[in-house]
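Okay, my_file.txt now, which holds compact mmCIF, C-alpha atoms:
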# COMPACT_ATOMS: atom_id res chain seq x y z
CA MET A 7 -11.70 7.10 -23.26
CA SER A 8 -9.46 8.16 -20.42
CA THR A 9 -5.76 8.10 -19.93
CA LEU A 10 -6.43 5.22 -17.60
CA ASP A 11 -7.50 1.66 -17.96
CA ALA A 12 -10.61 0.12 -16.58
CA CYS A 13 -9.62 -2.33 -13.91
CA PRO A 14 -11.60 -5.09 -12.24
CA ALA A 15 -12.58 -4.81 -8.64
CA ALA A 16 -9.87 -7.40 -8.01
CA GLY A 17 -7.41 -4.56 -8.06
CA ASP A 18 -4.61 -6.41 -6.28
CA GLN A 19 -1.99 -5.84 -8.94
CA ALA A 20 0.48 -3.01 -9.11
CA PRO A 21 -0.12 -0.57 -12.00
CA GLU A 22 2.70 -1.90 -14.15
CA GLN A 23 1.27 -5.42 -13.76
CA ALA A 24 -2.27 -4.34 -14.53
CA ALA A 25 -1.01 -2.76 -17.73
CA GLY A 26 0.21 -6.11 -19.03
CA PRO A 27 -0.92 -7.98 -22.15
CA VAL A 28 -4.36 -6.72 -23.06
CA GLY A 29 -5.01 -7.78 -26.63
CA GLY A 30 -8.08 -9.94 -27.11
CA ALA A 31 -8.34 -12.69 -29.66
CA THR A 32 -8.69 -11.38 -33.18
CA PRO A 33 -12.42 -11.38 -34.05
CA ALA A 34 -13.48 -13.57 -36.93
CA GLY A 35 -12.77 -11.77 -40.19
CA ALA A 36 -10.73 -9.04 -38.50
CA ALA A 37 -7.57 -9.82 -40.43
CA ALA A 38 -9.32 -9.00 -43.71
CA ASP A 39 -12.14 -6.63 -42.82
CA PRO A 40 -12.34 -3.92 -40.11
CA ALA A 41 -16.13 -3.75 -40.58
CA ALA A 42 -16.35 -7.45 -39.73
CA ALA A 43 -14.21 -6.81 -36.64
CA ARG A 44 -16.56 -4.03 -35.52
CA ALA A 45 -19.60 -6.24 -36.04
CA ALA A 46 -17.98 -9.06 -34.06
CA MET A 47 -17.13 -6.68 -31.21
CA VAL A 48 -20.67 -5.30 -31.05
CA ALA A 49 -22.16 -8.80 -31.17
CA ARG A 50 -19.94 -9.86 -28.27
CA LEU A 51 -20.94 -6.79 -26.23
CA GLU A 52 -24.60 -7.59 -26.86
CA GLU A 53 -24.12 -11.21 -25.85
CA GLU A 54 -22.45 -10.28 -22.57
CA GLY A 55 -25.17 -7.73 -21.76
CA SER A 56 -23.03 -4.57 -21.97
CA LEU A 57 -24.88 -3.19 -24.98
CA GLY A 58 -28.44 -3.19 -26.26
CA PRO A 59 -30.26 -1.87 -29.31
CA GLY A 60 -30.10 1.89 -29.71
CA PRO A 61 -27.90 4.82 -30.70
CA VAL A 62 -24.79 3.74 -28.78
CA ARG A 63 -24.83 0.36 -30.51
CA ASP A 64 -25.28 2.04 -33.89
CA ALA A 65 -22.42 4.46 -33.18
CA LEU A 66 -20.02 1.69 -32.14
CA LEU A 67 -20.95 -0.32 -35.20
CA ALA A 68 -20.07 2.63 -37.43
CA LEU A 69 -16.98 3.90 -35.57
CA PRO A 70 -13.64 2.90 -37.18
CA ARG A 71 -11.43 2.58 -34.12
CA GLU A 72 -8.39 2.23 -36.36
CA VAL A 73 -8.79 5.92 -37.26
CA LEU A 74 -8.81 6.97 -33.61
CA MET A 75 -6.03 4.54 -32.72
CA PRO A 76 -3.89 3.99 -35.83
CA GLN A 77 -1.10 2.90 -33.49
CA ALA A 78 -1.27 0.79 -30.33
CA TYR A 79 1.14 -1.07 -28.10
CA VAL A 80 1.28 -4.78 -27.44
CA ARG A 81 3.30 -6.00 -24.49
CA ARG A 82 6.02 -8.50 -25.36
CA SER A 83 7.47 -9.00 -21.86
CA ALA A 84 5.97 -11.06 -19.06
CA PRO A 85 4.12 -9.27 -16.21
CA GLY A 86 6.58 -8.31 -13.49
CA GLU A 87 9.61 -8.51 -15.77
CA GLU A 88 12.22 -6.02 -14.58
CA SER A 89 12.44 -4.10 -17.86
CA PRO A 90 9.06 -4.34 -19.60
CA ARG A 91 8.93 -4.17 -23.39
CA TRP A 92 6.19 -3.12 -25.79
CA ASP A 93 5.95 -3.06 -29.56
CA LEU A 94 4.13 -0.15 -31.19
CA LEU A 95 1.99 -1.53 -34.01
CA GLU A 96 1.15 0.68 -36.98
CA TRP A 97 -2.01 0.56 -39.10
CA SER A 98 -0.13 1.64 -42.21
CA ALA A 99 2.18 -1.39 -41.86
CA LEU A 100 0.13 -4.11 -43.55
CA HIS A 101 1.75 -6.95 -41.63
CA ASP A 102 0.75 -5.24 -38.32
CA ARG A 103 -2.93 -5.00 -39.21
CA PRO A 104 -4.19 -8.43 -38.14
CA GLU A 105 -2.67 -8.12 -34.66
CA LEU A 106 -3.64 -4.45 -34.35
CA LEU A 107 -7.25 -5.19 -35.30
CA GLY A 108 -7.28 -7.87 -32.64
CA LEU A 109 -6.22 -5.27 -30.10
CA LEU A 110 -8.66 -2.61 -31.27
CA TYR A 111 -11.72 -4.84 -31.45
CA GLY A 112 -10.88 -7.62 -29.00
CA GLY A 113 -12.70 -5.84 -26.17
CA ALA A 114 -9.76 -5.38 -23.76
CA SER A 115 -7.88 -2.18 -23.01
CA VAL A 116 -5.84 -0.67 -25.83
CA LEU A 117 -2.45 0.74 -24.86
CA VAL A 118 -1.93 4.02 -26.70
CA GLN A 119 0.81 6.04 -24.95
CA HIS A 120 4.19 5.12 -23.44
CA ASP A 121 5.92 7.34 -20.91
CA GLY A 122 3.89 10.46 -21.72
CA GLU A 123 5.13 10.64 -25.32
CA PRO A 124 3.53 12.64 -28.16
CA LEU A 125 1.15 10.43 -30.15
CA LEU A 126 1.48 12.20 -33.47
CA GLY A 127 4.51 11.41 -35.62
CA ARG A 128 5.68 8.37 -33.67
CA ALA A 129 7.80 5.70 -35.31
CA ARG A 130 6.68 2.12 -34.90
CA GLY A 131 9.00 -0.23 -33.04
CA THR A 132 9.95 -1.38 -29.54
CA ARG A 133 9.90 0.64 -26.32
CA SER A 134 11.30 -0.59 -23.03
CA GLY A 135 11.28 0.58 -19.44
CA ALA A 136 9.00 3.27 -18.00
CA SER A 137 5.27 2.47 -18.28
CA ILE A 138 2.12 2.85 -20.34
CA THR A 139 0.54 6.20 -19.50
CA SER A 140 -2.65 6.14 -21.56
CA MET A 141 -5.11 3.42 -22.49
CA SER A 142 -8.47 3.21 -24.18
CA THR A 143 -10.78 1.60 -21.66
CA VAL A 144 -12.15 -1.94 -21.72
CA MET A 145 -14.95 -1.84 -24.28
CA GLY A 146 -17.60 -3.55 -22.14
CA LEU A 147 -17.24 -0.91 -19.43
CA THR A 148 -17.29 1.89 -21.99
CA ALA A 149 -20.43 0.57 -23.64
CA SER A 150 -22.37 0.04 -20.42
CA LEU A 151 -21.56 3.54 -19.13
CA LEU A 152 -22.43 5.16 -22.46
CA GLU A 153 -25.76 3.33 -22.32
CA GLU A 154 -26.39 4.67 -18.82
CA LEU A 155 -25.68 8.23 -19.97
CA ASP A 156 -28.79 8.02 -22.16
CA LEU A 157 -27.27 10.01 -25.01
CA ARG A 158 -29.73 11.65 -27.42
CA PRO A 159 -29.50 14.04 -30.37
CA GLY A 160 -28.86 17.64 -29.40
CA LEU A 161 -27.49 17.01 -25.91
CA ARG A 162 -24.46 18.96 -24.73
CA VAL A 163 -21.80 16.52 -23.54
CA LEU A 164 -18.60 17.03 -21.55
CA ASP A 165 -16.17 14.11 -21.83
CA VAL A 166 -13.58 14.48 -19.06
CA GLY A 167 -10.52 12.38 -19.88
CA THR A 168 -10.16 12.40 -23.67
CA GLY A 169 -7.61 9.60 -24.05
CA ALA A 170 -7.97 8.13 -27.52
CA GLY A 171 -11.26 9.95 -28.12
CA VAL A 172 -13.62 6.96 -28.20
CA THR A 173 -16.23 8.42 -25.84
CA ALA A 174 -16.09 11.79 -27.59
CA ALA A 175 -16.57 10.11 -30.97
CA VAL A 176 -19.63 8.18 -29.78
CA ALA A 177 -21.08 11.37 -28.27
CA CYS A 178 -20.55 13.17 -31.59
CA LYS A 179 -22.21 10.32 -33.50
CA VAL A 180 -25.27 10.28 -31.24
CA CYS A 181 -25.67 13.89 -30.09
CA GLY A 182 -24.05 15.87 -32.92
CA ASP A 183 -20.60 17.38 -32.61
CA GLN A 184 -21.66 20.99 -32.00
CA GLY A 185 -22.47 20.38 -28.34
CA VAL A 186 -19.59 18.03 -27.46
CA VAL A 187 -16.51 19.09 -25.50
CA THR A 188 -13.71 16.70 -24.62
CA LEU A 189 -11.11 17.60 -22.00
CA ASP A 190 -7.77 16.12 -20.95
CA ARG A 191 -4.77 17.34 -18.96
CA ASP A 192 -2.28 15.83 -21.44
CA ARG A 193 -1.58 18.07 -24.43
CA HIS A 194 -0.21 15.13 -26.43
CA LEU A 195 -3.52 13.29 -26.06
CA THR A 196 -5.69 16.27 -26.96
CA ASP A 197 -3.54 17.13 -29.99
CA ALA A 198 -3.84 13.58 -31.31
CA ALA A 199 -7.55 13.30 -30.52
CA ALA A 200 -8.31 16.62 -32.22
CA ALA A 201 -6.57 15.50 -35.40
CA ARG A 202 -8.11 12.03 -35.47
CA LEU A 203 -11.62 13.15 -34.58
CA ALA A 204 -11.34 15.69 -37.40
CA ASP A 205 -10.34 12.83 -39.72
CA LEU A 206 -13.72 11.29 -38.85
CA GLY A 207 -15.44 14.56 -39.76
CA PHE A 208 -16.20 15.72 -36.21
CA ARG A 209 -15.79 19.39 -35.31
CA LEU A 210 -16.18 19.25 -31.54
CA GLN A 211 -14.25 21.36 -29.02
CA VAL A 212 -11.08 19.69 -27.70
CA VAL A 213 -9.67 21.32 -24.56
CA CYS A 214 -6.39 20.76 -22.74
CA GLY A 215 -7.05 21.51 -19.09
CA SER A 216 -7.87 20.31 -15.61
CA GLY A 217 -10.69 17.88 -15.01
CA GLU A 218 -11.12 19.47 -11.59
CA GLN A 219 -12.20 22.71 -13.25
CA GLY A 220 -14.19 21.36 -16.17
CA VAL A 221 -15.15 24.14 -18.58
CA PRO A 222 -16.01 27.20 -16.46
CA GLY A 223 -18.96 29.23 -17.64
CA ARG A 224 -20.52 26.33 -19.58
CA GLU A 225 -23.23 23.86 -18.69
CA PHE A 226 -23.80 20.37 -20.01
CA ASP A 227 -26.61 17.86 -20.21
CA ARG A 228 -24.25 14.92 -19.78
CA ILE A 229 -20.87 14.80 -18.02
CA PHE A 230 -18.74 11.68 -18.13
CA VAL A 231 -15.56 11.30 -16.06
CA SER A 232 -13.43 8.48 -17.44
CA TYR A 233 -11.07 8.01 -14.51
CA THR A 234 -11.71 7.14 -10.86
CA VAL A 235 -11.80 9.93 -8.27
CA GLU A 236 -11.89 10.13 -4.47
CA ARG A 237 -14.88 12.48 -4.56
CA VAL A 238 -17.17 13.94 -7.18
CA THR A 239 -15.68 17.12 -8.60
CA THR A 240 -17.74 20.07 -7.33
CA ALA A 241 -17.05 22.25 -10.38
CA LEU A 242 -18.47 19.55 -12.65
CA VAL A 243 -21.62 19.27 -10.55
CA GLU A 244 -22.04 23.04 -10.87
CA GLN A 245 -21.74 22.72 -14.68
CA LEU A 246 -24.55 20.16 -14.85
CA ALA A 247 -27.63 21.55 -16.62
CA PRO A 248 -31.22 21.01 -15.44
CA GLU A 249 -32.30 17.42 -16.22
CA GLY A 250 -28.61 16.61 -16.67
CA LYS A 251 -26.65 13.56 -15.54
CA LEU A 252 -23.04 13.05 -14.43
CA LEU A 253 -21.23 9.71 -14.06
CA ALA A 254 -17.96 9.20 -12.18
CA HIS A 255 -16.33 6.23 -10.48
CA VAL A 256 -15.45 6.86 -6.84
CA THR A 257 -13.12 4.82 -4.66
CA SER A 258 -10.63 5.07 -1.81
CA ALA A 259 -6.93 4.31 -2.22
CA SER A 260 -7.88 0.64 -2.58
CA PRO A 261 -8.94 -0.55 -6.04
CA SER A 262 -10.89 -3.53 -4.70
CA TRP A 263 -14.46 -2.25 -4.18
CA PRO A 264 -15.33 0.69 -6.43
CA GLY A 265 -18.52 2.70 -6.63
CA LEU A 266 -20.27 4.62 -9.39
CA ALA A 267 -21.59 8.08 -8.54
CA VAL A 268 -24.70 9.00 -10.52
CA VAL A 269 -25.47 12.69 -10.10
CA GLU A 270 -28.57 14.31 -11.59
CA ARG A 271 -29.98 17.82 -11.57
CA THR A 272 -33.75 18.08 -11.57
CA ALA A 273 -35.71 20.37 -13.86
CA ASP A 274 -35.97 22.91 -11.02
CA GLY A 275 -32.22 22.83 -10.37
CA GLN A 276 -31.98 20.50 -7.37
CA ILE A 277 -29.13 17.97 -7.15
CA THR A 278 -29.87 14.32 -6.39
CA ALA A 279 -27.13 11.71 -6.31
CA GLU A 280 -26.41 8.13 -5.37
CA LEU A 281 -23.33 5.96 -4.98
CA ARG A 282 -23.72 2.33 -5.93
CA ALA A 283 -21.26 -0.54 -5.87
CA VAL A 284 -19.93 -1.83 -9.18
CA GLU A 285 -17.69 -4.70 -10.17
CA PHE A 286 -15.47 -2.77 -12.57
CA ALA A 287 -14.21 0.80 -12.66
CA HIS A 288 -11.75 3.04 -14.42
CA ARG A 289 -8.28 3.26 -13.00
CA ALA A 290 -7.45 6.13 -10.68
CA GLY A 291 -6.95 9.64 -11.96
CA HIS A 292 -3.75 11.64 -11.86
CA GLY A 293 -2.41 12.18 -8.35
CA VAL A 294 -4.73 9.71 -6.60
CA ALA A 295 -2.74 7.47 -4.26
CA ARG A 296 -3.21 3.70 -4.67
CA ILE A 297 -2.36 0.71 -2.50
CA TRP A 298 -1.63 -2.80 -3.80
CA LEU A 299 -0.81 -6.29 -2.63
CA THR A 300 2.61 -7.34 -3.80
CA LYS A 301 3.26 -10.86 -5.00
CA GLU A 302 5.24 -11.56 -1.81
CA PHE A 303 2.44 -10.25 0.42
CA ARG A 304 -0.16 -12.40 -1.37
CA GLN A 305 2.11 -15.42 -0.90
CA ARG A 306 2.34 -14.77 2.85
CA MET A 307 -1.42 -14.40 3.08
CA ALA A 308 -1.89 -17.75 1.37
CA THR A 309 0.71 -19.81 3.24
CA GLU A 310 1.72 -18.37 6.61
CA PRO A 311 0.10 -19.72 9.80
CA GLY A 312 -0.95 -16.33 11.13
CA ALA A 313 -1.15 -15.11 14.73
CA TRP A 314 -4.25 -17.19 15.40
CA THR A 315 -6.74 -19.44 13.66
CA GLN A 316 -10.27 -20.13 14.82
CA ARG A 317 -13.37 -21.94 13.65
CA SER A 318 -16.29 -19.58 13.18
CA MET A 319 -19.99 -20.05 12.51
CA LEU A 320 -20.08 -16.49 11.20
CA ALA A 321 -19.86 -16.37 7.43
CA PRO A 322 -18.16 -13.39 5.81
CA PRO A 323 -20.40 -11.14 3.69
CA ALA A 324 -20.92 -12.65 0.25
CA GLU A 325 -19.02 -11.37 -2.74
CA SER A 326 -22.42 -10.45 -4.21
CA ASP A 327 -23.02 -8.08 -1.26
CA ARG A 328 -21.18 -5.40 -3.20
CA SER A 329 -22.74 -2.53 -1.28
CA PHE A 330 -21.33 -3.92 1.96
CA TRP A 331 -17.86 -4.09 0.45
CA LEU A 332 -18.26 -0.56 -0.91
CA ALA A 333 -18.93 0.62 2.65
CA ALA A 334 -15.95 -1.41 3.89
CA ASP A 335 -13.75 0.28 1.31
CA HIS A 336 -14.47 3.66 2.86
CA LEU A 337 -15.20 2.90 6.52
CA LEU A 338 -12.46 0.36 7.23
CA GLY A 339 -9.84 1.78 4.91
CA GLY A 340 -6.49 0.49 3.73
CA LEU A 341 -7.75 -2.97 2.73
CA VAL A 342 -7.15 -4.77 -0.55
CA ARG A 343 -8.69 -8.09 -1.51
CA ASP A 344 -6.74 -10.79 -3.32
CA PHE A 345 -9.32 -11.82 -5.89
CA GLY A 346 -6.89 -14.42 -7.21
CA SER A 347 -7.27 -16.42 -4.02
CA GLU A 348 -9.67 -19.36 -4.00
CA HIS A 349 -11.25 -18.12 -0.78
CA LEU A 350 -11.60 -14.76 0.98
CA ALA A 351 -8.19 -13.16 1.52
CA ILE A 352 -7.76 -9.51 2.48
CA GLY A 353 -4.63 -7.58 3.36
CA ALA A 354 -3.72 -4.17 4.72
CA PRO A 355 -0.46 -3.23 2.95
CA GLY A 356 0.08 -0.20 5.16
CA CYS A 357 0.57 -2.20 8.37
CA GLY A 358 1.11 -5.73 7.07
CA SER A 359 -2.08 -7.16 8.56
CA TRP A 360 -4.04 -9.81 6.71
CA MET A 361 -6.77 -12.41 7.08
CA ARG A 362 -8.08 -15.41 5.19
CA ALA A 363 -11.30 -17.35 5.65
CA GLU A 364 -11.98 -20.80 4.21
CA PRO A 365 -15.16 -22.88 4.46
CA VAL A 366 -14.71 -26.12 6.43
CA GLY A 367 -17.87 -28.20 6.45
CA ASP A 368 -21.44 -27.08 6.92
CA ARG A 369 -21.65 -23.42 8.00
CA ARG A 370 -18.17 -23.41 9.47
CA TRP A 371 -15.27 -21.19 8.54
CA SER A 372 -11.60 -21.47 9.34
CA VAL A 373 -10.37 -17.93 9.93
CA THR A 374 -6.68 -16.99 10.14
CA VAL A 375 -5.57 -13.50 11.14
CA ARG A 376 -2.17 -11.83 11.40
CA GLY A 377 -0.94 -8.32 12.18
CA PRO A 378 -1.95 -5.39 14.38
CA ARG A 379 -5.40 -5.12 12.78
CA ASP A 380 -8.02 -7.80 13.40
CA ILE A 381 -9.51 -7.51 9.92
CA TRP A 382 -11.98 -10.35 10.51
CA LYS A 383 -13.49 -8.57 13.53
CA GLU A 384 -13.60 -5.27 11.66
CA ILE A 385 -15.53 -6.92 8.83
CA GLN A 386 -17.99 -8.67 11.14
CA ASP A 387 -18.62 -5.50 13.17
CA LEU A 388 -19.29 -3.52 10.01
CA ALA A 389 -21.52 -6.31 8.66
CA ASP A 390 -23.67 -5.92 11.81
CA ARG A 391 -23.95 -2.19 11.14
CA TRP A 392 -24.76 -2.79 7.46
CA ARG A 393 -27.55 -5.24 8.33
CA ALA A 394 -28.87 -2.84 10.98
CA ALA A 395 -29.09 -0.25 8.20
CA ARG A 396 -31.35 -2.71 6.28
CA SER A 397 -28.59 -4.04 4.02
CA PRO A 398 -28.71 -1.09 1.60
CA ASP A 399 -27.92 -1.87 -2.03
CA ARG A 400 -26.86 1.73 -2.72
CA TYR A 401 -26.23 4.97 -0.86
CA ARG A 402 -27.46 8.52 -1.13
CA LEU A 403 -24.74 11.02 -1.93
CA TYR A 404 -25.06 14.44 -0.31
CA PHE A 405 -23.27 17.66 -1.25
CA ASP A 406 -22.96 19.96 1.75
CA ALA A 407 -22.96 23.73 1.53
CA ASP A 408 -19.36 23.86 2.80
CA GLY A 409 -18.15 21.63 -0.03
CA GLY A 410 -18.17 18.37 1.92
CA GLN A 411 -19.58 15.17 0.44
CA ARG A 412 -21.22 12.37 2.39
CA ALA A 413 -22.57 8.95 1.45
CA ALA A 414 -25.35 7.48 3.59
CA SER A 415 -27.86 4.65 3.60
CA GLU A 416 -31.51 5.61 3.10
CA CYS A 417 -32.20 5.28 6.82
CA GLY A 418 -29.05 7.22 7.70
CA ARG A 419 -27.60 4.58 10.04
CA LEU A 420 -24.55 3.90 7.87
CA SER A 421 -22.62 6.85 6.44
CA TRP A 422 -19.17 8.22 5.71
CA GLN A 423 -17.51 11.41 4.53
CA LEU A 424 -15.64 11.49 1.23
CA PRO A 425 -12.16 13.07 1.36
CA ALA A 426 -11.85 16.84 1.23
CA PRO A 427 -10.56 18.27 -2.08
CA ARG A 428 -6.85 18.84 -2.51
CA PRO A 429 -5.18 21.77 -4.29
CA LEU A 430 -5.82 21.67 -8.04
CA ASP A 431 -2.22 20.95 -8.90
CA GLU A 432 -2.29 17.88 -6.63
CA GLY A 433 -5.78 16.58 -7.28
CA ALA A 434 -7.08 13.95 -9.66
CA THR A 435 -7.40 15.50 -13.08
CA SER A 436 -8.11 14.05 -16.46

Let's see the structure in the file written out as structure tokens.
Amino acid sequence: MSTLDACPAAGDQAPEQAAGPVGGATPAGAAADPAAARAAMVARLEEEGSLGPGPVRDALLALPREVLMPQAYVRRSAPGEESPRWDLLEWSALHDRPELLGLLYGGASVLVQHDGEPLLGRARGTRSGASITSMSTVMGLTASLLEELDLRPGLRVLDVGTGAGVTAAVACKVCGDQGVVTLDRDRHLTDAAAARLADLGFRLQVVCGSGEQGVPGREFDRIFVSYTVERVTTALVEQLAPEGKLLAHVTSASPSWPGLAVVERTADGQITAELRAVEFAHRAGHGVARIWLTKEFRQRMATEPGAWTQRSMLAPPAESDRSFWLAADHLLGGLVRDFGSEHLAIGAPGCGSWMRAEPVGDRRWSVTVRGPRDIWKEIQDLADRWRAARSPDRYRLYFDADGGQRAASECGRLSWQLPAPRPLDEGATS
């Protein structure tokens, strides 16, 4: 997948924390049999509802991930440790195989690149400092998005954000490799993916280039962007063929409440698109600014008395009202939720404001607020607007003639503009 990890909507950890230990438990039989590990992974994805019968399931069941990722990192240091340490495991080292198979088929992210290094010709061993710069995405997210793409034989597919090549490999398995193009900005990733996909017998096109530009002059039936963006890339929309579909996660600087843009071109060439709230998303693409709650800030939110506390009969929007929180992400701005808190806790790292709300008895909430922003009032005011717009569960996405992009409820009473594009060398690329 991409150079970036899928992250939960919680999103209140700094990047180096989010890239902590990711290896799942070794599937039954994995130590002795990669095929058994694949079967266990697929069974788990089916059980959790991320995967159903069909070509994607068959492709994942047949895809030897150890060929695409013959090396992977496991973190040996604790999250937040000043000088993080990782061990690079190697498939050819027999004593590494049980742990490596657990990483590859455990379902969590797989760490594949440290500090932008070349992937080919690396020596196994320990790395310290710097950070992980490429991961293969959480398998449940990958599977569910591949299912939504509705891959079929003969389709032309553009995979933007090659990473370890998992998405490209599945597309080749299902659609045939002649129509598949995978694209990434990192030459080290594309070089490794080209070699390893060839080892699997695939002869697709592997391109090192900008995800903002796509592949000019080509059109595709399916386009998949495996990193989160601030807006849907216009060039990719233009490369979408009639009856084609594009998927891309969209979010603000906050990682807390992501959305999935689903863009389709009709048979007569018209573009229709929607933005819907999702629980999980890819991590942000290159150059996209992010905001986080530090450990110290979360501690203050949990323990400090605040500027004022009041009892309220107004309940905050439910966590299940994801479309409200998606609107809040864009319309309120600068907010990050602490999903590790027992009750609702939201902070604004930019100005130091925060709020927490705890239930106290029947239909009563204790609300504490601190800082220049009254986050509680902002949320309640927006909740009134959201309900007045008939509590939409998704939003239409409009592409204006001047290049602007706007999300709006069906009735049009709740809407916002997505950010304008930045210069290519500064924008989010694969």

_Residues near A:Asp190, anyone? I mean within 7 Å using all atoms listed in the file, not counting same-chain ones fewer than 6 positions away, as a ChimeraX atom specification._
/A:166-168,196,213-217,436

_Proximity to A:Leu109 - best of A:Ala198, A:Leu94, A:Ala149, A:Leu125, all atoms listed in the file_ =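 The answer is A:Leu94, which sits nearest to A:Leu109.
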
*Could you give me, as a list of chain:residue names, the residues within 7 Å of stretch 320-334 of chain A, counting only C-alpha atoms and dropping anything in the same chain fewer than 6 positions from it?*
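After dropping sequence-adjacent residues, the list is A:Trp263, A:Pro264, A:Gly265, A:Arg282, A:Ala283, A:Trp371, A:Trp392, A:Pro398, A:Asp399, A:Arg400.
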
*Nearest residue to A:Gly410 from the set A:Thr239, A:Thr143, A:Ser134, A:Gln276 (distances using all atoms listed in the file)*: A:Thr239

*asked:* Please compute the atom CA of A:Tyr401-atom CA of A:Tyr233 distance, one decimal, in Å.
replied: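 We find that atom CA of A:Tyr401 and atom CA of A:Tyr233 lie 20.6 Å from each other.
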
_Residue nearest A:Lys301 - candidates A:Gly86, A:Arg103, A:Glu280, A:Asp197, atoms counted: all atoms listed in the file_ =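 Result for the nearest residue to A:Lys301: A:Gly86.
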
_Contacts of A:Ala177 at 9 Å (all atoms listed in the file; same-chain gap of 4+ positions) as a PyMOL selection string_ = chain A and resi 62+65+152+157-158+161+163+165+172-173+181-183+186
